[in-house]
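One file, input39.cif, is given below (mmCIF, N, CA and C atoms).
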data_model
loop_
_atom_site.label_atom_id
_atom_site.label_comp_id
_atom_site.auth_asym_id
_atom_site.auth_seq_id
_atom_site.Cartn_x
_atom_site.Cartn_y
_atom_site.Cartn_z
N MET R 1 132.95 116.07 125.45
CA MET R 1 133.62 115.72 124.23
C MET R 1 132.58 115.45 123.14
N GLY R 2 132.98 115.58 121.90
CA GLY R 2 132.09 115.35 120.77
C GLY R 2 131.91 113.87 120.48
N LYS R 3 130.93 113.58 119.62
CA LYS R 3 130.67 112.20 119.22
C LYS R 3 131.78 111.70 118.31
N LYS R 4 132.03 110.42 118.39
CA LYS R 4 132.97 109.80 117.47
C LYS R 4 132.28 109.67 116.11
N LEU R 5 132.97 109.93 115.05
CA LEU R 5 132.39 109.88 113.72
C LEU R 5 132.11 108.48 113.23
N ASP R 6 132.83 107.49 113.76
CA ASP R 6 132.65 106.13 113.27
C ASP R 6 131.53 105.38 113.99
N GLU R 7 130.85 106.00 114.96
CA GLU R 7 129.75 105.34 115.66
C GLU R 7 128.52 105.32 114.77
N PRO R 8 127.83 104.17 114.64
CA PRO R 8 126.62 104.13 113.82
C PRO R 8 125.49 104.90 114.51
N ARG R 9 124.62 105.47 113.69
CA ARG R 9 123.47 106.19 114.23
C ARG R 9 122.45 105.16 114.70
N VAL R 10 121.90 105.36 115.87
CA VAL R 10 120.96 104.42 116.45
C VAL R 10 119.63 105.12 116.66
N SER R 11 118.57 104.48 116.19
CA SER R 11 117.22 105.00 116.37
C SER R 11 116.58 104.26 117.54
N PRO R 12 115.71 104.92 118.29
CA PRO R 12 115.01 104.21 119.37
C PRO R 12 114.09 103.11 118.83
N PHE R 13 113.80 103.12 117.54
CA PHE R 13 112.93 102.12 116.94
C PHE R 13 113.69 100.92 116.39
N ASP R 14 115.02 100.97 116.40
CA ASP R 14 115.82 99.87 115.87
C ASP R 14 115.51 98.55 116.58
N ALA R 15 115.39 98.58 117.88
CA ALA R 15 115.13 97.35 118.63
C ALA R 15 113.77 96.76 118.25
N LEU R 16 112.77 97.62 118.03
CA LEU R 16 111.45 97.12 117.62
C LEU R 16 111.51 96.49 116.24
N ARG R 17 112.23 97.13 115.30
CA ARG R 17 112.35 96.57 113.95
C ARG R 17 113.06 95.23 113.98
N ILE R 18 114.11 95.13 114.74
CA ILE R 18 114.87 93.89 114.83
C ILE R 18 114.03 92.78 115.44
N ALA R 19 113.28 93.10 116.50
CA ALA R 19 112.44 92.10 117.14
C ALA R 19 111.35 91.62 116.20
N ARG R 20 110.73 92.55 115.45
CA ARG R 20 109.67 92.17 114.51
C ARG R 20 110.23 91.30 113.40
N LEU R 21 111.38 91.67 112.86
CA LEU R 21 111.99 90.89 111.79
C LEU R 21 112.42 89.52 112.27
N ALA R 22 112.88 89.42 113.50
CA ALA R 22 113.31 88.13 114.04
C ALA R 22 112.13 87.18 114.15
N LYS R 23 110.94 87.70 114.45
CA LYS R 23 109.75 86.85 114.55
C LYS R 23 109.27 86.42 113.17
N VAL R 24 109.34 87.32 112.19
CA VAL R 24 108.84 87.03 110.85
C VAL R 24 109.79 86.13 110.08
N ALA R 25 111.06 86.50 110.03
CA ALA R 25 112.03 85.73 109.24
C ALA R 25 113.37 85.75 109.96
N PRO R 26 113.58 84.82 110.89
CA PRO R 26 114.80 84.86 111.68
C PRO R 26 116.08 84.64 110.89
N ASP R 27 116.00 84.00 109.72
CA ASP R 27 117.21 83.71 108.95
C ASP R 27 117.52 84.75 107.87
N VAL R 28 116.68 85.76 107.73
CA VAL R 28 116.82 86.72 106.64
C VAL R 28 117.53 87.98 107.13
N GLN R 29 118.51 88.44 106.36
CA GLN R 29 119.16 89.71 106.67
C GLN R 29 118.34 90.82 106.04
N THR R 30 118.27 91.97 106.71
CA THR R 30 117.47 93.07 106.19
C THR R 30 118.31 93.97 105.30
N VAL R 31 117.64 94.57 104.35
CA VAL R 31 118.26 95.52 103.45
C VAL R 31 117.37 96.76 103.44
N GLU R 32 117.95 97.94 103.61
CA GLU R 32 117.18 99.17 103.58
C GLU R 32 116.59 99.37 102.20
N GLN R 33 115.30 99.75 102.14
CA GLN R 33 114.62 100.00 100.88
C GLN R 33 114.64 101.49 100.58
N PRO R 34 114.93 101.89 99.35
CA PRO R 34 114.90 103.30 98.99
C PRO R 34 113.47 103.80 98.90
N ASP R 35 113.28 105.12 98.99
CA ASP R 35 111.97 105.72 98.86
C ASP R 35 111.49 105.72 97.41
N ILE R 36 112.39 105.55 96.48
CA ILE R 36 112.05 105.61 95.07
C ILE R 36 111.97 104.20 94.52
N GLN R 37 110.88 103.92 93.81
CA GLN R 37 110.71 102.63 93.17
C GLN R 37 110.63 102.87 91.66
N THR R 38 111.29 102.04 90.89
CA THR R 38 111.25 102.15 89.44
C THR R 38 110.39 101.03 88.89
N VAL R 39 109.42 101.38 88.04
CA VAL R 39 108.49 100.43 87.48
C VAL R 39 108.61 100.48 85.97
N LYS R 40 108.75 99.33 85.34
CA LYS R 40 108.83 99.28 83.88
C LYS R 40 107.44 99.10 83.31
N GLN R 41 107.01 100.04 82.48
CA GLN R 41 105.75 99.96 81.76
C GLN R 41 106.08 99.91 80.27
N PRO R 42 105.13 99.53 79.44
CA PRO R 42 105.41 99.43 78.01
C PRO R 42 106.02 100.72 77.45
N ASP R 43 107.26 100.64 76.99
CA ASP R 43 107.98 101.74 76.35
C ASP R 43 108.17 102.98 77.24
N VAL R 44 107.88 102.88 78.54
CA VAL R 44 108.03 104.03 79.43
C VAL R 44 108.65 103.56 80.73
N LEU R 45 109.63 104.29 81.23
CA LEU R 45 110.21 103.99 82.53
C LEU R 45 109.69 105.04 83.51
N VAL R 46 108.95 104.60 84.51
CA VAL R 46 108.31 105.51 85.45
C VAL R 46 108.99 105.37 86.81
N THR R 47 109.31 106.49 87.42
CA THR R 47 109.88 106.47 88.76
C THR R 47 108.81 106.95 89.73
N GLY R 48 108.45 106.10 90.70
CA GLY R 48 107.40 106.45 91.65
C GLY R 48 107.99 106.84 92.99
N LEU R 49 107.53 107.96 93.50
CA LEU R 49 107.93 108.42 94.82
C LEU R 49 106.79 108.18 95.79
N ALA R 50 107.09 108.09 97.06
CA ALA R 50 106.04 108.09 98.06
C ALA R 50 105.32 109.43 97.94
N LYS R 51 104.02 109.43 98.16
CA LYS R 51 103.25 110.67 98.00
C LYS R 51 103.81 111.80 98.86
N SER R 52 104.32 111.46 100.02
CA SER R 52 104.86 112.50 100.91
C SER R 52 106.10 113.16 100.35
N ARG R 53 106.77 112.49 99.40
CA ARG R 53 107.99 113.05 98.79
C ARG R 53 107.78 113.50 97.35
N ASP R 54 106.62 113.19 96.79
CA ASP R 54 106.32 113.52 95.40
C ASP R 54 105.87 114.98 95.32
N PRO R 55 106.56 115.82 94.54
CA PRO R 55 106.20 117.24 94.47
C PRO R 55 104.84 117.49 93.82
N ARG R 56 104.25 116.49 93.18
CA ARG R 56 102.92 116.66 92.59
C ARG R 56 101.82 116.59 93.64
N TYR R 57 102.15 116.19 94.85
CA TYR R 57 101.16 116.04 95.92
C TYR R 57 101.40 117.06 97.02
N VAL R 58 100.32 117.47 97.70
CA VAL R 58 100.41 118.33 98.86
C VAL R 58 99.67 117.66 100.01
N LYS R 59 100.09 117.97 101.22
CA LYS R 59 99.43 117.43 102.40
C LYS R 59 98.13 118.20 102.59
N PHE R 60 97.06 117.49 102.90
CA PHE R 60 95.73 118.06 103.03
C PHE R 60 95.14 117.56 104.34
N THR R 61 94.88 118.47 105.27
CA THR R 61 94.37 118.09 106.58
C THR R 61 92.97 118.66 106.76
N THR R 62 92.06 117.83 107.24
CA THR R 62 90.71 118.28 107.51
C THR R 62 90.16 117.49 108.69
N TYR R 63 89.06 117.94 109.22
CA TYR R 63 88.43 117.26 110.35
C TYR R 63 87.11 116.65 109.90
N ILE R 64 86.93 115.37 110.17
CA ILE R 64 85.67 114.68 109.91
C ILE R 64 85.31 113.89 111.16
N PRO R 65 84.03 113.51 111.30
CA PRO R 65 83.65 112.72 112.47
C PRO R 65 84.45 111.42 112.55
N ARG R 66 84.85 111.06 113.75
CA ARG R 66 85.67 109.86 113.98
C ARG R 66 85.00 108.61 113.41
N GLU R 67 83.70 108.44 113.66
CA GLU R 67 82.99 107.25 113.18
C GLU R 67 83.01 107.18 111.65
N MET R 68 82.85 108.32 110.99
CA MET R 68 82.90 108.35 109.52
C MET R 68 84.29 107.92 109.03
N HIS R 69 85.32 108.41 109.69
CA HIS R 69 86.69 108.06 109.32
C HIS R 69 86.91 106.55 109.47
N LEU R 70 86.46 105.99 110.58
CA LEU R 70 86.66 104.55 110.82
C LEU R 70 85.91 103.71 109.79
N ARG R 71 84.67 104.08 109.47
CA ARG R 71 83.90 103.33 108.48
C ARG R 71 84.54 103.42 107.10
N ALA R 72 84.95 104.62 106.71
CA ALA R 72 85.57 104.81 105.39
C ALA R 72 86.90 104.06 105.32
N LYS R 73 87.72 104.19 106.34
CA LYS R 73 89.04 103.56 106.34
C LYS R 73 88.89 102.03 106.28
N SER R 74 87.94 101.49 107.04
CA SER R 74 87.70 100.05 107.04
C SER R 74 87.29 99.57 105.65
N ARG R 75 86.39 100.28 105.01
CA ARG R 75 85.93 99.89 103.67
C ARG R 75 87.07 99.99 102.66
N LEU R 76 87.86 101.06 102.75
CA LEU R 76 88.96 101.25 101.81
C LEU R 76 90.03 100.18 101.96
N VAL R 77 90.35 99.81 103.21
CA VAL R 77 91.35 98.77 103.45
C VAL R 77 90.89 97.45 102.83
N SER R 78 89.60 97.14 102.97
CA SER R 78 89.09 95.90 102.39
C SER R 78 89.14 95.91 100.87
N GLN R 79 89.16 97.13 100.27
CA GLN R 79 89.24 97.27 98.82
C GLN R 79 90.68 97.46 98.35
N GLY R 80 91.62 97.54 99.28
CA GLY R 80 93.02 97.75 98.91
C GLY R 80 93.29 99.16 98.41
N ARG R 81 92.53 100.13 98.90
CA ARG R 81 92.68 101.52 98.47
C ARG R 81 93.12 102.38 99.64
N GLU R 82 93.55 103.61 99.34
CA GLU R 82 93.97 104.56 100.37
C GLU R 82 92.95 105.68 100.49
N LEU R 83 92.87 106.26 101.68
CA LEU R 83 91.94 107.36 101.92
C LEU R 83 92.25 108.54 101.01
N SER R 84 93.51 108.79 100.74
CA SER R 84 93.87 109.92 99.86
C SER R 84 93.34 109.71 98.44
N ASP R 85 93.26 108.45 97.99
CA ASP R 85 92.70 108.17 96.66
C ASP R 85 91.21 108.50 96.62
N LEU R 86 90.50 108.14 97.68
CA LEU R 86 89.06 108.45 97.76
C LEU R 86 88.83 109.96 97.76
N VAL R 87 89.61 110.68 98.56
CA VAL R 87 89.46 112.14 98.64
C VAL R 87 89.72 112.75 97.26
N ALA R 88 90.75 112.31 96.57
CA ALA R 88 91.06 112.84 95.23
C ALA R 88 89.91 112.53 94.26
N GLU R 89 89.37 111.33 94.34
CA GLU R 89 88.25 110.94 93.47
C GLU R 89 87.03 111.82 93.73
N LEU R 90 86.70 112.03 94.99
CA LEU R 90 85.54 112.86 95.34
C LEU R 90 85.75 114.32 94.95
N LEU R 91 86.95 114.83 95.15
CA LEU R 91 87.24 116.21 94.75
C LEU R 91 87.19 116.38 93.23
N ASP R 92 87.67 115.40 92.48
CA ASP R 92 87.58 115.44 91.02
C ASP R 92 86.13 115.53 90.57
N GLY R 93 85.27 114.71 91.17
CA GLY R 93 83.84 114.74 90.83
C GLY R 93 83.21 116.08 91.16
N TRP R 94 83.53 116.62 92.32
CA TRP R 94 82.99 117.91 92.73
C TRP R 94 83.46 119.02 91.79
N LEU R 95 84.76 119.01 91.45
CA LEU R 95 85.28 120.03 90.55
C LEU R 95 84.64 119.94 89.16
N ALA R 96 84.38 118.72 88.69
CA ALA R 96 83.72 118.55 87.40
C ALA R 96 82.32 119.14 87.44
N LYS R 97 81.59 118.92 88.52
CA LYS R 97 80.24 119.50 88.66
C LYS R 97 80.32 121.02 88.71
N GLN R 98 81.32 121.58 89.39
CA GLN R 98 81.45 123.02 89.49
C GLN R 98 81.74 123.65 88.13
N ALA R 99 82.43 122.92 87.26
CA ALA R 99 82.73 123.44 85.93
C ALA R 99 81.46 123.56 85.09
N ASP R 100 80.47 122.70 85.37
CA ASP R 100 79.20 122.73 84.65
C ASP R 100 78.29 123.85 85.14
N VAL R 101 78.54 124.40 86.30
CA VAL R 101 77.64 125.42 86.89
C VAL R 101 77.90 126.77 86.29
#

Written as structure tokens, that's how I'd like the structure from this file.
Amino acid sequence: MGKKLDEPRVSPFDALRIARLAKVAPDVQTVEQPDIQTVKQPDVLVTGLAKSRDPRYVKFTTYIPREMHLRAKSRLVSQGRELSDLVAELLDGWLAKQADV
């Protein structure tokens, strides 16, 4: 027989989320957060998407030595930055140099 339509969808991760939330804030009810965040800036309303959903971004995969990745990631976390920001910064610098050649 088919599934009943009124049954809620259950993820295998639901139990983990509930357990984590119960430890952090046992009296708080959870509310699902949307992927889109709206930020008010002076005279401009900006809608921010997660990079994975933002059409201005593409996924970029490369291989680097594990130790280099760990050192870079550790330094970036301490600075409150993301690895993708560093890669974009380095590529911008490289592209600027290439324009001068």

Could you jot down the atom CA of Asp54 of chain R to atom N of Gly80 of chain R separation for me, Å, one decimal place? 22.1 Å

Extract, using only N, CA and C atoms, all DNA, RNA and protein residues at most 7 Å from Leu83 of chain R, discarding same-chain residues fewer than 5 positions from it, and format them as a count of residues only. 4

What are the centre and edge lengths in Å, to one decimal, of the axis-aligned box around all listed atoms of segment 63-79 of chain R with 4 Å added on each side, as AutoDock Vina command-line options?
--center_x 87.1 --center_y 106.9 --center_z 106.2 --size_x 16.5 --size_y 30.0 --size_z 23.6

How many Å lie between atom CA of Tyr57 of chain R and atom N of Ala96 of chain R, rounded to one decimal? 18.5 Å

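If you look at atom CA of Leu86 of chain R and atom CA of Tyr63 of chain R, they are 15.4 Å away from each other.
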
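Of the residues under consideration (R:Ser74, R:Gln79, R:Gln98, R:Ser84), R:Ser84 shows the shortest atom-to-atom contact distance to Lys51 of chain R when counting only C-alpha atoms.
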